Amino acid sequence: MPRQSRQTSGTGIYHVMLRGINQQNIFEDYEDFGKFLELINQVIHPKDELGHPLPPRCTFYAYCLMTNHVHLLIREGAEGLASVIKSIAISYAIYFNKKYQRKGQLFQDRFKSEPVNDMAYFIQLIRYIHQNPIAAGLVRQAKDYTWSSYREYEGYATGLMPVCTTQHVLTRISREDLIALINEPLPKALRILDFDCNASVRVSDEEVRDYLSEVCGIGNITEVQHLPTEQRNDIIQRLREFGASIRQLSRMTGVSFGIIRKLG
């Protein structure tokens, strides 16, 4: 079965996920976490063969390194997303295999990604990424986890190399408001693309309405058909990823079946 092509982001921003093959650990100690951050830093501050600085290959807004998987919030540069992620993954796999005297693939298949096309979802992802260690039961608060970008947003020195362009985010939302949001549990209706997401899951009309209200800020589902085309299509695509069927969305929103089906 052919692979599905990646969805393209209109903003150039993506939520990227990498996981160890067969869910195996990809980080065993502090040195491993540090090495991955070093590789991120190298694509942010690349140099030529003579050591002269080159333009950044991409921009990072958030990250969380878990024991067997990684979450990144990234804006691609001129060379594209795949090239950057592959270079990090290959370099890290070479390092890891050499250190632990293993052979073969380290990461599961190709990386996963989803486009981020509006500020509301961008902020939701920052919350989600930093809440991963809490959801996994590793810590009680985001600030207690070492291997995420949370402390970069808090503005405290941690000894870790800073890799995120936090100021771009903090010009749109205050540090205090963002920190408060990160520490507020995400809505139960929110379903962000993850490794174990199941596109065949179907949701009720009530869950669709809750998602629109809590995540998209839309109180009346019939408002969707009157939104600007790009915004309407983005919301419909997110609802499809959430689990809503084409017929269900057509019935509830008033947007034609044919239009929704073309969106995939």
# chains A, B, ... in the order shown; residues from 1 in each chain; ligands from 1
$ residues_around --residues "A:Ser245" --least-positions-apart "4" --cutoff "9 Å" --atoms "only C-alpha atoms" --output "ChimeraX atom specification"
/A:202-203,239-240,249-250
$ write_last_selection --atoms "C-alpha atoms" --output "PDB file, in the first residue's frame"
ATOM      1  CA  ARG A 202     -15.572   7.715  14.946  1.00  0.00           C
ATOM      2  CA  VAL A 203     -16.870  10.320  17.338  1.00  0.00           C
ATOM      3  CA  LEU A 239     -12.309  17.455  12.517  1.00  0.00           C
ATOM      4  CA  ARG A 240     -11.612  14.602  10.103  1.00  0.00           C
ATOM      5  CA  LEU A 249     -19.617  16.767   8.979  1.00  0.00           C
ATOM      6  CA  SER A 250     -21.716  17.510   5.913  1.00  0.00           C
TER       7      SER A 250
END
$ select_by_dssp --residues "stretch 31-199 of chain A" --states "strand (DSSP E)" --output "count of residues only"
20
$ residues_around --residues "stretch 152-155 of chain A" --least-positions-apart "4" --cutoff "8 Å" --atoms "only C-alpha atoms" --output "number ranges by chain"
A: 162, 164, 166, 175, 179
$ closest_residue --among "A:Ala135, A:Ala180, A:Ala62, A:Val116" --to "A:Arg238" --atoms "only C-alpha atoms"
A:Val116
$ closest_atom_pairs --of "stretch 34-68 of chain A" --to "stretch 18-21 of chain A" --cutoff "10 Å" --atoms "only C-alpha atoms" --output "JSON lines"
{"residue": "A:Leu65", "atom": "CA", "partner": "A:Leu18", "partner_atom": "CA", "distance": 9.6}
{"residue": "A:Met66", "atom": "CA", "partner": "A:Arg19", "partner_atom": "CA", "distance": 9.2}
{"residue": "A:Thr67", "atom": "CA", "partner": "A:Gly20", "partner_atom": "CA", "distance": 9.0}
{"residue": "A:Asn68", "atom": "CA", "partner": "A:Gly20", "partner_atom": "CA", "distance": 5.4}
$ write_last_selection --atoms "C-alpha atoms" --output "mmCIF file, in the first residue's frame"
data_model
loop_
_atom_site.group_PDB
_atom_site.id
_atom_site.type_symbol
_atom_site.label_atom_id
_atom_site.label_comp_id
_atom_site.auth_asym_id
_atom_site.auth_seq_id
_atom_site.Cartn_x
_atom_site.Cartn_y
_atom_site.Cartn_z
ATOM 1 C CA LEU A 65 12.468 14.425 24.394
ATOM 2 C CA MET A 66 10.814 11.382 25.964
ATOM 3 C CA THR A 67 12.519 8.053 26.592
ATOM 4 C CA ASN A 68 11.346 6.418 23.365
#
$ residues_around --residues "A:Thr59" --least-positions-apart "2" --cutoff "7 Å" --atoms "only C-alpha atoms" --output "PyMOL selection string"
chain A and resi 44+61+74-76+165
$ atom_distance --atom1 "atom CA of A:Gln24" --atom2 "atom CA of A:Leu106"
8.3 Å
$ residues_around --residues "A:His15" --least-positions-apart "5" --cutoff "9 Å" --atoms "only C-alpha atoms" --output "PyMOL selection string"
chain A and resi 71-75+112-116+122+125+193
$ residues_around --residues "A:Pro56" --least-positions-apart "4" --cutoff "10 Å" --atoms "only C-alpha atoms" --output "PyMOL selection string"
chain A and resi 41-47+76-78
$ residues_around --residues "A:Gln248" --least-positions-apart "3" --cutoff "12 Å" --atoms "only C-alpha atoms" --output "PyMOL selection string"
chain A and resi 202-209+221+236+239-240+243-245+251-257+260-261
$ atom_distance --atom1 "atom CA of A:Tyr156" --atom2 "atom CA of A:Gln141"
15.7 Å
$ select_by_dssp --residues "stretch 40-223 of chain A" --states "alpha helix (DSSP H)" --output "PyMOL selection string"
chain A and resi 40-44+81-99+119-135+150-154+166-170+175-182+205-214
$ atom_distance --atom1 "atom CA of A:Ile26" --atom2 "atom CA of A:Val70"
9.2 Å
$ decode --residues "stretch 50-131 of chain A" --atoms "C-alpha atoms" --output "short mmCIF file (atom, residue, chain, number, x, y, z; two decimals), in the first residue's frame"
data_model
loop_
_atom_site.label_atom_id
_atom_site.label_comp_id
_atom_site.auth_asym_id
_atom_site.auth_seq_id
_atom_site.Cartn_x
_atom_site.Cartn_y
_atom_site.Cartn_z
CA LEU A 50 35.70 26.27 7.02
CA GLY A 51 33.61 26.88 10.12
CA HIS A 52 31.87 29.98 8.82
CA PRO A 53 28.26 30.50 9.99
CA LEU A 54 25.45 29.67 7.55
CA PRO A 55 21.76 30.66 7.66
CA PRO A 56 19.56 28.52 9.95
CA ARG A 57 18.18 25.43 8.26
CA CYS A 58 14.94 25.73 10.26
CA THR A 59 13.37 27.27 13.38
CA PHE A 60 12.34 25.39 16.52
CA TYR A 61 9.52 26.62 18.75
CA ALA A 62 9.16 23.72 21.19
CA TYR A 63 10.45 20.23 21.89
CA CYS A 64 10.09 17.38 24.33
CA LEU A 65 12.47 14.42 24.39
CA MET A 66 10.81 11.38 25.96
CA THR A 67 12.52 8.05 26.59
CA ASN A 68 11.35 6.42 23.37
CA HIS A 69 10.00 9.28 21.29
CA VAL A 70 10.42 12.96 20.43
CA HIS A 71 8.01 15.83 19.80
CA LEU A 72 9.14 18.92 17.87
CA LEU A 73 7.37 22.10 16.82
CA ILE A 74 9.33 23.40 13.86
CA ARG A 75 9.19 25.84 10.97
CA GLU A 76 10.88 24.50 7.87
CA GLY A 77 13.49 26.47 5.98
CA ALA A 78 14.38 26.64 2.30
CA GLU A 79 15.53 23.02 2.06
CA GLY A 80 12.28 21.63 3.46
CA LEU A 81 11.24 19.69 6.54
CA ALA A 82 12.20 16.14 5.52
CA SER A 83 15.84 16.94 4.83
CA VAL A 84 16.38 18.49 8.26
CA ILE A 85 14.59 15.77 10.24
CA LYS A 86 16.35 13.00 8.33
CA SER A 87 19.76 14.57 8.95
CA ILE A 88 19.09 14.75 12.69
CA ALA A 89 17.69 11.21 12.82
CA ILE A 90 20.52 9.65 10.80
CA SER A 91 23.25 11.44 12.75
CA TYR A 92 21.69 10.45 16.06
CA ALA A 93 21.22 6.81 14.97
CA ILE A 94 24.90 6.59 14.00
CA TYR A 95 25.89 8.00 17.40
CA PHE A 96 23.50 5.71 19.30
CA ASN A 97 24.43 2.52 17.43
CA LYS A 98 28.11 3.15 17.90
CA LYS A 99 27.76 3.92 21.60
CA TYR A 100 25.60 0.88 22.37
CA GLN A 101 27.22 -1.47 19.83
CA ARG A 102 24.02 -2.13 17.95
CA LYS A 103 23.13 -2.31 14.27
CA GLY A 104 20.14 -1.47 12.16
CA GLN A 105 17.33 1.02 12.21
CA LEU A 106 16.77 3.07 15.35
CA PHE A 107 13.64 5.05 14.49
CA GLN A 108 10.27 3.65 13.49
CA ASP A 109 9.72 4.03 9.73
CA ARG A 110 9.60 7.67 8.62
CA PHE A 111 8.79 10.50 11.00
CA LYS A 112 5.21 11.68 11.44
CA SER A 113 4.16 15.26 10.92
CA GLU A 114 1.08 17.42 10.86
CA PRO A 115 0.69 20.98 9.53
CA VAL A 116 0.05 23.88 11.90
CA ASN A 117 -2.00 26.49 10.09
CA ASP A 118 -3.29 28.81 12.80
CA MET A 119 -2.15 30.40 16.05
CA ALA A 120 -4.78 28.70 18.20
CA TYR A 121 -3.56 25.22 17.26
CA PHE A 122 0.06 26.36 17.54
CA ILE A 123 -0.53 27.29 21.19
CA GLN A 124 -2.42 24.04 21.81
CA LEU A 125 0.60 22.13 20.52
CA ILE A 126 2.99 24.02 22.79
CA ARG A 127 0.75 22.99 25.69
CA TYR A 128 0.50 19.38 24.49
CA ILE A 129 4.23 18.96 23.88
CA HIS A 130 5.17 20.27 27.31
CA GLN A 131 2.46 18.20 29.03
#
